[in-house]
Each structure stands twice: as C-alpha cells, then as structure tokens.
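Below is one structure; the comments refer to it alone.
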Protein chains: 2
Amino acid sequence: MHFADELIARIKNTSPICVGLDPRLDQIPQHIVQDAPTPGAAVLEFNKGIIDAVHDLVPIVKPQVAFYEMLGLDGLAALSQTILYAQDKGLLVLIDAKRNDIGSTAEAYAHAYLDKEGDLVGDALTVNAYLGYDGIKPFLENCQKNDKGIFILVKTSNSSSGDLQDRNVDDANLPVYELMGQFVDSWGQDLIGQSGYSSVGAVVGATYPQEAAKLRELMPHAIFLVPGYGAQGGAAADVKPCFKADGTGAIVNNSRGIIFAYEKSDTFGPEQYKKAARKAAEKMKVDLESAL
Amino acid sequence: MHFADELIARIKNTSPICVGLDPRLDQIPQHIVQDAPTPGAAVLEFNKGIIDAVHDLVPIVKPQVAFYEMLGLDGLAALSQTILYAQDKGLLVLIDAKRNDIGSTAEAYAHAYLDKEGDLVGDALTVNAYLGYDGIKPFLENCQKNDKGIFILVKTSNSSSGDLQDRNVDDANLPVYELMGQFVDSWGQDLIGQSGYSSVGAVVGATYPQEAAKLRELMPHAIFLVPGYGAQGGAAADVKPCFKADGTGAIVNNSRGIIFAYEKSDTFGPEQYKKAARKAAEKMKVDLESAL
C-alpha cells in the first residue's frame, strides 16, 4: 500500500505519534543491560519491551541509526532485529539515517533502506537534500517501486539550524528552509496518494512554530515529521502549526520522553519501563488532542 | 598524530590520491564473487586485493559506506574488516558516510566513527553541515581528543549540486557553498596542525574548477577532498584549483577508475584486477603531477 496513505490510515486508528527508538545504554534499565550477552542484545530486548508497550497506540516507530552504529556490528544486528520485530507487531518503521550522496551512491542507499527486503530495510527513511535533486531521485524511484516513503530535512529542531537554513536566498527571496520546502513539494508530486498526501514528507522541528506555519502552507501534500517535542523543549501548542486545520498532516516524534519515561516514575520493577512508556504515550496523545 | 599533519606527511611520500573503495558486486571480478561464501566476503577479498596493490602508492583509502550498507550486516562486517586491513597496511581510512544530525545524535555518530576504537572507527569521516554548528561540534571534539579528521560537504561534484549550493545568500552576498566554506574555515581554526592544515577539511568537486579556485582562497587551512576525477568527468587540469601553488592542500579521489580499471584492460587472469588498479593509480599520479 502507498506509504503516505497507509501512514494516514494508521494515524486515524491510533495517534499522530512517532516513537523514537534511540537506545542509550546508560539509560536502559540496568537489569536488561546486565542480563544481556552483548550491548546490542540489551538494546534489542529493551526495544522489544517498548514496542510491546506502545504498538497499539502509535502508527510508527523511528530507530535513530546513530545509536546502533555507535555499538558497531552488534548494534546494527540489533537494529535489523528491531525493524523486523516492530513490523511483526504491525508498526511502520521509519529509519532515521539522514542519508545523502550523489546519484550513483544514493542509489546504493536506496537499495539498503528502501528495497523490498534486506537487513536494514524499513518503510521510510529520513534524507538530507544538500546535494540537490539528483541525490534524491534514487530514493523517489524506490518509493514509487516499493511503496516506501522519505522525509527530507527542511527546518531541523536544533538551535544552530539557522546557520544555513534561515539564510535568505536572494533570487527566490526565501530562506533556505522554504526553498527546501518548495523542493519537497515539487519532488513529491508524483507520489501523492488517495489521502492527498505524498510519500515525500518533510522534517520540521517543533521548536520553530512560526517557520512551521509557513511551511505548512508551502507543502500542502507533505506529511511533517516533527522532532523536538518534549526533551528538546517543544510543547503541544508548538506542534500545532505542523498540522492542517483538519488535524492531519503530521507525526510528532518523541524519543526520550517515552522510552525513558520510567526514569521519572516513582514505582520500580523490571516491567516498569514498559508501563511508563505506555503511560507517556497515552499522555502525549491527550496532550496533542487538546492542542489540535 | 594530528590527522592533517599525518595526511600531509603521507601525501609527500606517496601521492595526493585517495582510492575510493566502492565495491559494486556486479563489477567485482566474477571469480571472487563465485568463490566467496557471502557477498560481503567477496567485497572484503576484493578490497584486500586493491589495498595490497596500491598501499605504497597512496596515503588514504575511502570506503563509501552506502555500498556496504546495501549488503546489510554482511556488508557492514566487510566494511569493518576492510578498515582494519587498510590500517594494518599503513593506510589512513576515510569513512565516506556524510553523517549529520542534531548535537546529541551527532555525538553518537562521532562515537561510531571517530572514537579511539570500534567496529566502524576510521581516521576521518565525511559529514554534512545542513544542520549548522551544533551538529558538527561533537565531531570536532572527537577530532581534538582522538586525532581524527572530518571533511565537510561544501561544493559537491554532482550536476544538481547547484540546486541549493549555488544559491546566493543575500545577507552574506555569497553562494551557499562559499558560506559553507566560511564555516569550514572558522570551525577548523582550533584543529590546525604544524603543517598549517586543519583536521577539518572540505569536499569540493573536481567538476567545478572555478568554484574550487574561490574556495581555495576562502579556506587556506582546509585539505580538500576532491571527488569527480575520472568517471565523473573531471580531468587533472580541473583539480588543479583545489591545490595551492606549492602543490599541497588536496587529495583527489578516484573510485571506479582505479578499482575497476581491470574492466578496460586487455589481459586477463585472477590477479589482473590488482595489476590494473596499481597501473591506474600510477598513471593518475603522473597525470596529477603533470598538471600541478
């Protein structure tokens, strides 16, 4: 099924929440780390618990590959198993890898992440378009062929995002992030589904609500992947401009605020991190609903 | 030893050539693919042959991770072994991964690629600075701590690179690639070694010699990593502007033109691809010397 259509349908049945699977070993419950034969095995065990806890509440999870690459081959094996486990539980998997390169190399990345199958294949991938159209084209082709999706970095959530993204491009009289928004809109035209949304989405940080409002108008067919809610400081009111008036059009990511919610709970026990994650996801859903 | 100093010293003893290890299975000699238990094993065997053939002629090799990720975990194991083998043979290893993310995630990438040790740790890494300074800072810190290097994308070699990189930023009255050049110069100040070069380098395509000339002035301390020679159309005359008048300051990458040189040779045999690679590297050295 067309990626954006599937995502929109699942959001309708659950929530517009993306759970970021960013497993930091020092924040994973220590009994899991101690009982596991390797760090990667601990990560996998932890992820399975989180997935079990939230799989019926959210449409999609987003493993951030940096945290798996950091653990070397053992970590990448955990990533591969995490993807399979999440998909088995009925979740879509967005691989957050921000890949980018010239066309012939981007083609290899598209094979790695957006083929029909493979160790690292997910349902969608984040990409960086600093290299322009020919570096994005191979991803678009695999989206078309294999019903996959991409999310292109437009306005990122970090405090230095303006160093380049806010600079004004004079021939267009637009800041770089709006120029990138125009690219996303144009590159996604051939991938618009019955939902009215394209499988080419955009990364737009919750930390920049004014910019998000302009981008929402500029990219009517793009689903926004919105990082920055929670730990990075964005509140529900801040993510509102990423949604359309009908309440569709965005998924809000939360990593630490859900997966490590147990750190802030006052009850303990080996299963507690799952309960805390579920509770945090439920609370976030209510928080978003009240703002939208 | 300081990364840039070491690279400059090795260039002096060999050549300003970087050999790109971009192993495409369909271009690897078929006897290697047939004899290997897995695709990754074939890639590793092929890479070892190339490294054996060129290790005394060049200072550095550059595995493009997309071609390893494409083969899944098996490919990533081959990448890990390739890094070790190349370093054992006295080569520096530049991991071409163009990583990028917000600070806390960039820190995980810096651990993955620029720690003291680890499955994927090399001597240097290519990075993409679309996210601005705080996404680069963790890499700078690891360069400082562990004597590593980074090469930041400035003006890439592909034909669409101008979509964003050539656009003029009006408050600076500079195209994006020159703004990025200013960032590279500034971010690299604390990493300048005795050679006068910084461990923060820049990726500048051979396919844009006029832009390279301006960038050479703008970044006096940056070593340029120059893709685009050979298969992508750049000639020795085109890479000249990437070098300073004294002939230092750049490494010119060649992937297909060296590793798959055997495809264009008229003698055959299982060792032929190594001989062809060595010959191609020698010829490239002469070609560069004649232009510089």
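Residue numbers start at 1 in each chain; chains themselves are named A, B, ... in the order of the structure tokens; ligands are numbered from 1 in the order shown.
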Discussion item. Only residues of chain A matter here; which ones have an atom within 8 Å of chain B, counting only C-alpha atoms? Give them as a PyMOL selection string.
Written reply: chain A and resi 66-67+69-73+76-77+98-103+105-106+108-109+111-113+118-120+128+130-135+156-165+167-171+176
Selection file, C-alpha atoms, as a compact mmCIF listing (two decimals), in the first residue's frame:
# COMPACT_ATOMS: atom_id res chain seq x y z
CA ALA A 66 23.43 6.63 15.12
CA PHE A 67 22.70 4.86 18.41
CA GLU A 69 26.12 2.33 14.65
CA MET A 70 27.69 3.53 17.88
CA LEU A 71 27.61 -0.08 19.10
CA GLY A 72 29.23 -1.37 15.92
CA LEU A 73 28.14 -4.58 14.19
CA LEU A 76 23.48 -2.93 13.70
CA ALA A 77 22.29 -6.51 14.22
CA LYS A 98 19.56 11.24 7.15
CA ARG A 99 21.38 9.66 4.22
CA ASN A 100 22.68 11.76 1.34
CA ASP A 101 25.10 11.46 -1.56
CA ILE A 102 25.47 11.85 -5.34
CA GLY A 103 23.07 9.88 -7.53
CA THR A 105 25.72 6.39 -4.33
CA ALA A 106 22.23 7.48 -3.27
CA ALA A 108 23.06 2.22 -3.12
CA TYR A 109 21.49 3.84 -0.03
CA HIS A 111 18.79 -0.26 -2.01
CA ALA A 112 19.98 -0.51 1.59
CA TYR A 113 16.92 1.09 3.18
CA GLY A 118 17.10 -6.52 3.32
CA ASP A 119 18.66 -6.37 6.78
CA LEU A 120 18.21 -2.60 7.09
CA ASN A 128 19.26 15.26 3.57
CA TYR A 130 22.09 19.39 0.47
CA LEU A 131 23.20 17.71 -2.77
CA GLY A 132 20.04 18.65 -4.70
CA TYR A 133 17.66 16.71 -6.90
CA ASP A 134 19.89 14.02 -8.41
CA GLY A 135 20.86 12.87 -4.93
CA THR A 156 15.57 20.99 11.84
CA SER A 157 14.84 21.30 15.56
CA ASN A 158 18.33 22.16 16.83
CA SER A 159 19.40 25.63 17.92
CA SER A 160 22.05 26.01 15.17
CA SER A 161 19.64 25.04 12.39
CA GLY A 162 19.53 28.69 11.33
CA ASP A 163 23.26 28.82 10.48
CA LEU A 164 22.34 27.71 6.99
CA GLN A 165 18.59 27.03 6.95
CA ARG A 167 19.72 32.37 5.46
CA ASN A 168 17.83 34.17 2.74
CA VAL A 169 18.33 33.06 -0.85
CA ASP A 170 18.08 36.24 -2.88
CA ASP A 171 16.92 35.01 -6.29
CA VAL A 176 16.88 28.14 2.66
ask   = Could you pull out all residues of segment 42-273 of chain B with a DSSP call of helix (DSSP H, G or I) and give them as a VMD selection string?
value = chain B and resid 42 to 54 66 to 69 72 to 88 103 to 114 133 to 135 137 to 146 159 to 165 176 to 187 189 to 191 209 to 218 236 to 242 256 to 259 261 to 264 272 to 273
Could you pull out the strand (DSSP E or B) residues of segment 39-286 of chain A, going by DSSP on the backbone, and write them as a PDB file with C-alpha atoms, in the first residue's frame?
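Written output follows (states.pdb):
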ATOM      1  CA  ILE A  60       5.156   4.228  13.537  1.00  0.00           C
ATOM      2  CA  VAL A  61       8.496   3.926  15.307  1.00  0.00           C
ATOM      3  CA  LYS A  62      11.751   5.615  14.347  1.00  0.00           C
ATOM      4  CA  PRO A  63      15.047   3.983  15.205  1.00  0.00           C
ATOM      5  CA  GLN A  64      17.840   6.575  15.070  1.00  0.00           C
ATOM      6  CA  LEU A  92       5.585   1.089  10.312  1.00  0.00           C
ATOM      7  CA  VAL A  93       9.318   1.690  10.679  1.00  0.00           C
ATOM      8  CA  LEU A  94      10.979   4.954   9.753  1.00  0.00           C
ATOM      9  CA  ILE A  95      14.758   4.599   9.598  1.00  0.00           C
ATOM     10  CA  ASP A  96      16.255   7.857  10.813  1.00  0.00           C
ATOM     11  CA  ALA A  97      19.570   7.879   8.981  1.00  0.00           C
ATOM     12  CA  LYS A  98      19.559  11.242   7.145  1.00  0.00           C
ATOM     13  CA  ARG A  99      21.381   9.660   4.220  1.00  0.00           C
ATOM     14  CA  ALA A 124      10.601   5.021   5.183  1.00  0.00           C
ATOM     15  CA  LEU A 125      13.905   6.871   5.527  1.00  0.00           C
ATOM     16  CA  THR A 126      14.991  10.379   6.509  1.00  0.00           C
ATOM     17  CA  VAL A 127      17.257  12.033   3.910  1.00  0.00           C
ATOM     18  CA  GLY A 149       8.465   6.945   1.951  1.00  0.00           C
ATOM     19  CA  ILE A 150      11.130   9.563   2.635  1.00  0.00           C
ATOM     20  CA  PHE A 151      11.243  12.581   4.916  1.00  0.00           C
ATOM     21  CA  ILE A 152      13.546  15.343   3.718  1.00  0.00           C
ATOM     22  CA  LEU A 153      15.246  17.668   6.222  1.00  0.00           C
ATOM     23  CA  VAL A 154      13.679  21.102   5.850  1.00  0.00           C
ATOM     24  CA  LYS A 155      13.855  23.023   9.131  1.00  0.00           C
ATOM     25  CA  ASN A 168      17.826  34.174   2.741  1.00  0.00           C
ATOM     26  CA  VAL A 169      18.334  33.063  -0.847  1.00  0.00           C
ATOM     27  CA  LEU A 174      13.122  32.891   0.598  1.00  0.00           C
ATOM     28  CA  PRO A 175      15.102  31.413   3.435  1.00  0.00           C
ATOM     29  CA  ILE A 192       0.619  11.756  -3.893  1.00  0.00           C
ATOM     30  CA  SER A 198       2.662  12.370  -0.716  1.00  0.00           C
ATOM     31  CA  VAL A 200       7.705  12.526   0.263  1.00  0.00           C
ATOM     32  CA  GLY A 201       7.455  14.174   3.659  1.00  0.00           C
ATOM     33  CA  ALA A 202       9.409  16.865   5.474  1.00  0.00           C
ATOM     34  CA  VAL A 203      11.301  17.132   8.758  1.00  0.00           C
ATOM     35  CA  VAL A 204      10.143  20.308  10.525  1.00  0.00           C
ATOM     36  CA  PHE A 224       5.599  16.550   8.535  1.00  0.00           C
ATOM     37  CA  LEU A 225       7.847  14.517  10.790  1.00  0.00           C
ATOM     38  CA  VAL A 226       8.139  16.765  13.824  1.00  0.00           C
ATOM     39  CA  TYR A 229       8.589  17.770  21.276  1.00  0.00           C
ATOM     40  CA  GLY A 234       8.609  21.808  22.126  1.00  0.00           C
ATOM     41  CA  ALA A 250       1.994  15.475  10.839  1.00  0.00           C
ATOM     42  CA  ILE A 251       3.560  12.893  13.099  1.00  0.00           C
ATOM     43  CA  VAL A 252       5.199  14.161  16.253  1.00  0.00           C
ATOM     44  CA  ASN A 253       8.284  12.294  17.375  1.00  0.00           C
ATOM     45  CA  ASN A 254       9.083  11.611  20.978  1.00  0.00           C
TER      46      ASN A 254
END
Atom pair atom CA of Thr207 of chain B + atom CA of Ala276 of chain B, distance 24.9 Å
Among B:Ala78, B:Pro209, B:Phe46, B:Ile17, Gln30 of chain B is approached most closely, using only C-alpha atoms, by B:Phe46
